[in-house]
$ cat query-v2.txt   # compact mmCIF, C-alpha atoms
# COMPACT_ATOMS: atom_id res chain seq x y z
CA MET A 1 99.16 89.98 155.12
CA SER A 2 102.26 87.91 155.59
CA ASP A 3 104.07 89.43 152.62
CA SER A 4 107.63 90.62 153.16
CA PRO A 5 108.07 94.40 152.89
CA ILE A 6 109.83 94.01 149.54
CA ALA A 7 107.12 91.85 148.07
CA MET A 8 104.54 94.33 149.35
CA GLU A 9 106.35 97.24 147.78
CA HIS A 10 106.44 95.46 144.46
CA GLY A 11 102.93 94.19 144.86
CA GLN A 12 101.08 96.90 143.00
CA HIS A 13 103.50 97.45 140.19
CA GLY A 14 106.31 95.99 138.12
CA PRO A 15 109.96 95.89 139.20
CA GLU A 16 110.81 98.85 136.96
CA LEU A 17 109.34 101.37 139.42
CA ARG A 18 112.16 102.49 141.72
CA HIS A 19 111.35 102.73 145.40
CA HIS A 20 112.14 106.42 145.69
CA PHE A 21 109.30 107.30 143.33
CA ALA A 22 105.70 107.31 144.49
CA THR A 23 104.19 106.48 141.12
CA ALA A 24 105.28 105.36 137.66
CA GLU A 25 104.11 108.71 136.34
CA GLN A 26 106.36 110.58 138.76
CA GLN A 27 109.30 108.38 137.75
CA ARG A 28 108.66 109.02 134.08
CA ASP A 29 108.33 112.78 134.57
CA ALA A 30 111.59 112.86 136.52
CA ALA A 31 113.37 111.00 133.71
CA SER A 32 111.90 113.39 131.15
CA LEU A 33 112.95 116.49 133.10
CA GLY A 34 116.45 115.07 133.59
CA MET A 35 116.76 114.26 129.90
CA TRP A 36 115.67 117.75 128.85
CA LEU A 37 118.12 119.33 131.32
CA PHE A 38 120.86 117.21 129.75
CA LEU A 39 119.77 118.34 126.29
CA GLY A 40 119.92 121.94 127.62
CA THR A 41 123.60 121.40 128.48
CA GLU A 42 124.08 119.89 125.03
CA ILE A 43 122.63 123.04 123.45
CA MET A 44 125.29 125.05 125.26
CA PHE A 45 127.97 122.49 124.31
CA PHE A 46 127.20 122.88 120.61
CA GLY A 47 126.33 126.56 121.16
CA GLY A 48 129.97 127.45 121.88
CA MET A 49 130.93 126.10 118.47
CA PHE A 50 128.03 127.82 116.74
CA CYS A 51 129.16 131.07 118.36
CA ALA A 52 132.77 130.61 117.15
CA TYR A 53 131.36 129.81 113.71
CA LEU A 54 129.21 132.95 113.71
CA ILE A 55 132.09 135.29 114.57
CA TYR A 56 134.60 133.77 112.14
CA ARG A 57 132.00 133.67 109.40
CA LEU A 58 131.47 137.42 109.87
CA TRP A 59 135.21 138.03 109.71
CA TYR A 60 136.23 135.65 106.95
CA PHE A 61 133.09 135.33 104.84
CA ASN A 62 135.01 134.80 101.57
CA GLU A 63 136.92 131.83 102.94
CA PHE A 64 133.74 130.38 104.45
CA ALA A 65 131.95 130.79 101.11
CA ALA A 66 134.76 129.06 99.18
CA GLY A 67 135.08 126.26 101.75
CA SER A 68 131.32 125.72 101.69
CA ARG A 69 131.36 125.47 97.88
CA SER A 70 134.02 122.75 98.08
CA LEU A 71 131.76 120.48 100.14
CA ASP A 72 129.70 117.80 98.37
CA ILE A 73 126.18 119.23 98.52
CA ARG A 74 124.72 116.02 97.05
CA LEU A 75 126.09 113.85 99.84
CA GLY A 76 125.17 116.52 102.40
CA THR A 77 121.55 116.54 101.24
CA ILE A 78 121.40 112.74 101.14
CA ASN A 79 122.75 112.62 104.69
CA THR A 80 120.13 115.13 105.84
CA ILE A 81 117.42 112.93 104.34
CA VAL A 82 118.95 109.82 105.94
CA LEU A 83 118.81 111.51 109.37
CA ILE A 84 115.22 112.67 108.83
CA CYS A 85 114.24 109.09 107.94
CA SER A 86 115.98 107.87 111.11
CA SER A 87 114.01 110.42 113.13
CA LEU A 88 110.80 109.07 111.61
CA THR A 89 111.70 105.48 112.53
CA VAL A 90 112.52 106.63 116.07
CA ALA A 91 109.21 108.50 116.42
CA LEU A 92 107.32 105.47 115.08
CA GLY A 93 109.40 103.26 117.40
CA VAL A 94 108.33 105.24 120.47
CA ARG A 95 104.74 104.89 119.24
CA ALA A 96 105.18 101.14 118.81
CA ALA A 97 106.52 100.96 122.37
CA GLN A 98 103.56 102.98 123.66
CA MET A 99 101.21 100.49 122.04
CA GLY A 100 103.20 97.43 123.13
CA LYS A 101 104.00 96.30 119.58
CA ARG A 102 107.28 94.56 120.36
CA LYS A 103 108.03 93.17 116.93
CA LEU A 104 107.40 96.50 115.22
CA LEU A 105 109.56 98.26 117.82
CA VAL A 106 112.46 95.88 117.14
CA ILE A 107 112.16 96.40 113.37
CA LEU A 108 112.07 100.19 113.76
CA LEU A 109 115.08 100.16 116.10
CA ILE A 110 117.03 98.09 113.55
CA LEU A 111 116.04 100.54 110.79
CA THR A 112 117.19 103.45 112.98
CA LEU A 113 120.56 101.76 113.49
CA ILE A 114 120.91 101.19 109.73
CA PHE A 115 120.11 104.86 109.00
CA GLY A 116 122.52 105.99 111.73
CA LEU A 117 125.35 103.84 110.39
CA ALA A 118 124.58 104.97 106.81
CA PHE A 119 124.91 108.59 107.94
CA LEU A 120 128.28 107.86 109.54
CA GLY A 121 129.44 105.96 106.43
CA ILE A 122 128.52 108.84 104.10
CA LYS A 123 130.17 111.29 106.50
CA GLY A 124 133.30 109.13 106.37
CA VAL A 125 133.29 109.24 102.56
CA GLU A 126 133.06 113.04 102.70
CA TRP A 127 135.87 113.32 105.23
CA TYR A 128 138.08 111.02 103.14
CA ALA A 129 137.51 113.25 100.09
CA LYS A 130 138.61 116.25 102.17
CA TYR A 131 141.68 114.30 103.32
CA LYS A 132 142.63 113.57 99.71
CA GLU A 133 142.14 117.26 98.81
CA HIS A 134 144.48 118.31 101.65
CA HIS A 135 141.63 120.25 103.25
CA ILE A 136 142.26 118.90 106.74
CA PRO A 137 143.79 121.73 108.83
CA GLY A 138 147.40 121.13 109.76
CA PRO A 139 150.88 121.14 108.19
CA SER A 140 149.67 119.49 104.96
CA PHE A 141 146.73 121.88 104.51
CA ASP A 142 146.57 123.27 101.01
CA ALA A 143 143.69 125.35 99.66
CA SER A 144 145.42 126.39 96.44
CA ASP A 145 142.80 124.36 94.55
CA LEU A 146 140.11 126.67 95.94
CA VAL A 147 142.15 129.75 94.96
CA ARG A 148 142.38 128.27 91.44
CA ASP A 149 138.73 127.14 91.22
CA TYR A 150 137.21 130.38 92.50
CA PRO A 151 139.30 133.24 91.08
CA GLN A 152 136.39 135.61 91.79
CA ILE A 153 136.74 135.06 95.54
CA HIS A 154 139.67 136.53 97.41
CA ILE A 155 140.94 133.71 99.63
CA ASP A 156 143.49 133.83 102.42
CA GLN A 157 144.72 130.27 102.98
CA SER A 158 145.24 130.63 106.73
CA HIS A 159 141.69 131.92 107.13
CA GLU A 160 140.50 129.02 104.97
CA GLN A 161 141.94 126.69 107.62
CA ILE A 162 139.61 128.26 110.17
CA TYR A 163 136.57 127.30 108.09
CA PHE A 164 137.78 123.72 107.78
CA SER A 165 138.76 123.57 111.47
CA LEU A 166 135.19 124.52 112.36
CA TYR A 167 133.82 122.14 109.72
CA PHE A 168 135.71 119.19 111.18
CA ALA A 169 135.10 120.20 114.81
CA MET A 170 131.35 120.64 114.30
CA THR A 171 130.71 117.62 112.07
CA GLY A 172 133.13 115.62 114.24
CA LEU A 173 131.31 116.48 117.47
CA HIS A 174 128.04 115.70 115.73
CA ALA A 175 129.40 112.36 114.45
CA LEU A 176 130.58 111.53 117.98
CA HIS A 177 127.00 112.09 119.15
CA MET A 178 125.79 109.83 116.35
CA ILE A 179 128.23 107.08 117.41
CA ILE A 180 126.98 107.36 121.00
CA GLY A 181 123.41 107.32 119.66
CA VAL A 182 124.10 104.11 117.74
CA GLY A 183 125.44 102.60 120.98
CA ILE A 184 122.32 103.68 122.89
CA PHE A 185 120.02 102.25 120.22
CA ALA A 186 121.95 98.97 120.09
CA TYR A 187 121.34 98.73 123.86
CA LEU A 188 117.65 99.57 123.42
CA LEU A 189 117.36 97.00 120.60
CA TYR A 190 118.87 94.28 122.80
CA HIS A 191 116.39 94.95 125.62
CA ALA A 192 113.43 95.51 123.30
CA ALA A 193 114.09 92.12 121.67
CA LYS A 194 114.02 90.57 125.16
CA GLY A 195 110.64 92.21 125.73
CA ARG A 196 111.68 94.54 128.52
CA TYR A 197 109.55 97.43 127.32
CA THR A 198 105.80 97.49 127.79
CA PRO A 199 103.10 100.17 127.39
CA GLU A 200 103.48 100.69 131.17
CA TYR A 201 107.25 101.12 130.99
CA TYR A 202 109.03 102.34 127.88
CA THR A 203 110.86 105.35 129.35
CA PRO A 204 114.31 104.29 128.00
CA ILE A 205 112.91 104.17 124.45
CA GLU A 206 111.36 107.61 124.93
CA MET A 207 114.55 109.14 126.37
CA GLY A 208 116.79 107.51 123.75
CA GLY A 209 114.40 108.94 121.17
CA LEU A 210 114.72 112.45 122.61
CA TYR A 211 118.51 112.17 122.33
CA TRP A 212 118.32 110.94 118.73
CA HIS A 213 115.93 113.73 117.69
CA PHE A 214 118.18 116.31 119.36
CA VAL A 215 121.18 115.11 117.34
CA ASP A 216 118.98 115.35 114.23
CA VAL A 217 118.08 118.96 115.09
CA VAL A 218 121.78 119.85 115.42
CA TRP A 219 122.36 118.49 111.91
CA ILE A 220 119.33 120.41 110.60
CA TYR A 221 121.30 123.58 111.48
CA LEU A 222 124.74 122.27 110.51
CA PHE A 223 123.62 121.44 106.97
CA PRO A 224 122.71 125.00 105.84
CA LEU A 225 125.44 126.62 107.94
CA LEU A 226 128.25 124.48 106.51
CA TYR A 227 127.05 123.43 103.04
CA LEU A 228 124.84 126.30 101.87
CA ILE A 229 126.81 129.41 102.86
CA ASP A 230 127.18 130.73 99.33
CA ARG A 231 126.07 128.59 96.41
CA LYS A 232 124.76 131.25 94.05
CA PRO A 233 126.39 131.39 90.61
CA LEU A 234 129.64 133.36 90.63
CA GLY A 235 129.37 136.42 88.41
CA MET B 1 101.13 109.40 132.21
CA SER B 2 101.77 111.98 129.58
CA GLU B 3 101.63 109.26 126.95
CA HIS B 4 99.72 110.54 124.05
CA VAL B 5 99.67 108.14 121.13
CA LEU B 6 99.73 110.17 117.94
CA SER B 7 98.47 108.83 114.65
CA THR B 8 101.01 107.44 112.17
CA LYS B 9 99.45 109.76 109.59
CA LEU B 10 100.74 112.77 111.55
CA TYR B 11 104.25 111.27 111.76
CA TYR B 12 104.35 110.57 108.02
CA GLY B 13 103.06 114.10 107.34
CA ILE B 14 105.85 115.65 109.42
CA TRP B 15 108.38 113.37 107.70
CA ILE B 16 107.23 114.46 104.23
CA ALA B 17 107.31 118.13 105.28
CA LEU B 18 110.89 117.69 106.55
CA MET B 19 111.98 116.01 103.31
CA VAL B 20 110.36 118.72 101.17
CA LEU B 21 111.95 121.51 103.23
CA THR B 22 115.38 119.82 102.91
CA VAL B 23 115.15 119.71 99.12
CA VAL B 24 113.76 123.27 99.00
CA THR B 25 116.59 124.70 101.12
CA ALA B 26 119.24 122.92 99.02
CA ARG B 27 117.67 124.25 95.78
CA ILE B 28 117.07 127.82 96.97
CA ALA B 29 120.74 128.14 97.93
CA PHE B 30 121.60 128.27 94.19
CA ILE B 31 119.31 131.24 93.55
CA ASP B 32 120.85 134.65 94.22
CA LEU B 33 118.72 136.35 96.88
CA GLY B 34 121.50 138.61 98.11
CA PRO B 35 121.72 138.66 101.90
CA PHE B 36 118.40 136.82 102.10
CA ASN B 37 119.99 133.48 101.17
CA THR B 38 121.20 133.11 104.75
CA VAL B 39 117.89 134.34 106.19
CA VAL B 40 115.87 131.87 104.11
CA ALA B 41 118.23 128.99 104.99
CA LEU B 42 117.94 129.74 108.72
CA VAL B 43 114.16 130.21 108.61
CA ILE B 44 113.75 126.85 106.87
CA ALA B 45 116.14 125.18 109.33
CA THR B 46 114.16 126.63 112.25
CA CYS B 47 110.87 125.40 110.75
CA LYS B 48 112.37 121.91 110.44
CA ALA B 49 113.74 122.03 114.00
CA LEU B 50 110.32 123.14 115.30
CA LEU B 51 108.58 120.25 113.51
CA VAL B 52 111.01 117.76 115.06
CA VAL B 53 110.84 119.24 118.56
CA LEU B 54 107.07 119.82 118.68
CA PHE B 55 105.90 116.57 117.10
CA PHE B 56 108.68 113.96 117.08
CA MET B 57 109.83 114.99 120.56
CA HIS B 58 106.20 115.39 121.72
CA VAL B 59 106.80 118.83 123.24
CA LYS B 60 103.49 120.07 121.85
CA TYR B 61 101.75 117.38 123.91
CA ALA B 62 104.03 117.33 126.96
CA SER B 63 102.04 117.98 130.09
CA GLU B 64 104.94 119.08 132.28
CA LYS B 65 105.35 122.84 132.29
CA LEU B 66 108.79 122.35 133.84
CA VAL B 67 110.04 120.66 130.67
CA LYS B 68 108.79 123.53 128.53
CA MET B 69 110.51 125.97 130.87
CA VAL B 70 113.81 124.09 130.55
CA ILE B 71 113.56 124.24 126.76
CA VAL B 72 112.71 127.94 126.64
CA ALA B 73 115.48 128.73 129.15
CA SER B 74 118.04 126.71 127.16
CA ILE B 75 117.18 128.53 123.94
CA PHE B 76 117.24 131.85 125.79
CA TRP B 77 120.78 131.15 127.07
CA LEU B 78 121.90 130.14 123.59
CA LEU B 79 120.48 133.36 122.14
CA LEU B 80 122.21 135.37 124.89
CA LEU B 81 125.50 133.77 123.86
CA LEU B 82 124.97 134.30 120.13
CA LEU B 83 123.26 137.70 120.07
CA LEU B 84 125.45 139.43 122.65
CA SER B 85 128.60 138.09 120.99
CA LEU B 86 127.22 139.20 117.64
CA ALA B 87 126.40 142.67 118.96
CA ASP B 88 129.96 142.96 120.26
CA TYR B 89 131.91 141.57 117.30
CA GLY B 90 129.50 142.99 114.74
CA THR B 91 129.98 146.59 115.90
CA ARG B 92 133.57 146.73 117.13
CA TYR B 93 135.49 145.20 114.23
CA VAL B 94 135.54 145.74 110.53
CA ARG B 95 135.51 142.64 108.37
CA HIS B 96 138.98 141.38 107.47
CA GLY B 97 139.94 140.22 103.97
$ encode --input "query-v2.txt" --output "structure tokens"
Amino acid sequence: MSDSPIAMEHGQHGPELRHHFATAEQQRDAASLGMWLFLGTEIMFFGGMFCAYLIYRLWYFNEFAAGSRSLDIRLGTINTIVLICSSLTVALGVRAAQMGKRKLLVILLILTLIFGLAFLGIKGVEWYAKYKEHHIPGPSFDASDLVRDYPQIHIDQSHEQIYFSLYFAMTGLHALHMIIGVGIFAYLLYHAAKGRYTPEYYTPIEMGGLYWHFVDVVWIYLFPLLYLIDRKPLG
Amino acid sequence: MSEHVLSTKLYYGIWIALMVLTVVTARIAFIDLGPFNTVVALVIATCKALLVVLFFMHVKYASEKLVKMVIVASIFWLLLLLLLSLADYGTRYVRHG
């Protein structure tokens, strides 16, 4: 055996196995644990906002109900469906990577990016509508249209700002995660197209997928909590 | 390796279930169920989240117990935050306006 130590170390496996891991399986499990720990911190990150939402919703239910009614439920539902479709393409993408189907993986990653960008575009349309309605909290905030449209609901305009502050903070933080997700998937697409991922090594696809699904789960809760607070017919 | 290749049929099934639940939750919101509107919306959201986590995120098939522990602990901490805050604010203050 005249191999150099480095060549020997890489002899049994591909270059993707780092030297501080004994086996590829150990490396993959470490990545998985690290990713889930990160997602645990993300749960707490969003959790603070959900907690603020919960308390203010208890206090100012009327304003939350009126603000929720003013959101576009059609676009909200379409966006939920867009995200669910993106989660499907991600799940199928991980499967394609597991099976070494490079072409299929590339197509599914492109589809995921399209769905992700469509979500952000629709979100932008919704935000722009809120901007035109003066529903963005700040000096130009004006909820007199809600007072006029829902005479049955007693609305305090300053409390209405709290609903919209939380709406923009929560959907904004979620959209930021989507933008980061699009960046991650663009990176994955670039490397997948170059054939970097094989059935032996597709951990980045798997971990990127976990992140994408997590962001989807956050939206699964945001949709009913922001859009569906109180939609029943006003008596 | 914990790689467990699931059938595409399962993925499409989960996808259809998620789509159906989305439409159902959006429709049910317009029916007056009293305080149960919120309960139903949250139950449906939790069902959807479970489908995504268990199947799309492969947690049902994950071999590592440590990962499952991290998930359960994270949710536990979140519930501590939400439920203890709720117990406090829900009992000490009366609802304003």
$ interface_residues --input "query-v2.txt" --of "chain A" --to "chain B" --cutoff "6 Å" --atoms "only C-alpha atoms" --output "ChimeraX atom specification"
/A:25,33,40,51,59,91,210,217,220-221,228,231-232
$ residues_around --input "query-v2.txt" --residues "stretch 112-128 of chain A" --least-positions-apart "4" --cutoff "9 Å" --atoms "all atoms listed in the file" --output "PyMOL selection string"
chain A and resi 71-72+75-76+78-80+82-83+85-90+93+107-108+132-133+136+168+171+175+178-179+181-183+185-186
$ residues_near_point --input "query-v2.txt" --point "(120.4, 113.3, 122.5)" --cutoff "12 Å" --atoms "all atoms listed in the file" --output "tab-separated table (two decimals) with C-alpha atoms, in the coordinates of the input"
chain	number	residue	atom	x	y	z
A	34	GLY	CA	116.45	115.07	133.59
A	35	MET	CA	116.76	114.26	129.90
A	36	TRP	CA	115.67	117.75	128.85
A	37	LEU	CA	118.12	119.33	131.32
A	38	PHE	CA	120.86	117.21	129.75
A	39	LEU	CA	119.77	118.34	126.29
A	40	GLY	CA	119.92	121.94	127.62
A	41	THR	CA	123.60	121.40	128.48
A	42	GLU	CA	124.08	119.89	125.03
A	43	ILE	CA	122.63	123.04	123.45
A	46	PHE	CA	127.20	122.88	120.61
A	87	SER	CA	114.01	110.42	113.13
A	174	HIS	CA	128.04	115.70	115.73
A	176	LEU	CA	130.58	111.53	117.98
A	177	HIS	CA	127.00	112.09	119.15
A	178	MET	CA	125.79	109.83	116.35
A	179	ILE	CA	128.23	107.08	117.41
A	180	ILE	CA	126.98	107.36	121.00
A	181	GLY	CA	123.41	107.32	119.66
A	182	VAL	CA	124.10	104.11	117.74
A	183	GLY	CA	125.44	102.60	120.98
A	184	ILE	CA	122.32	103.68	122.89
A	185	PHE	CA	120.02	102.25	120.22
A	205	ILE	CA	112.91	104.17	124.45
A	206	GLU	CA	111.36	107.61	124.93
A	207	MET	CA	114.55	109.14	126.37
A	208	GLY	CA	116.79	107.51	123.75
A	209	GLY	CA	114.40	108.94	121.17
A	210	LEU	CA	114.72	112.45	122.61
A	211	TYR	CA	118.51	112.17	122.33
A	212	TRP	CA	118.32	110.94	118.73
A	213	HIS	CA	115.93	113.73	117.69
A	214	PHE	CA	118.18	116.31	119.36
A	215	VAL	CA	121.18	115.11	117.34
A	216	ASP	CA	118.98	115.35	114.23
A	217	VAL	CA	118.08	118.96	115.09
A	218	VAL	CA	121.78	119.85	115.42
A	219	TRP	CA	122.36	118.49	111.91
B	53	VAL	CA	110.84	119.24	118.56
B	57	MET	CA	109.83	114.99	120.56
$ atom_distance --input "query-v2.txt" --atom1 "atom CA of A:Thr23" --atom2 "atom CA of A:Val106"
27.5 Å
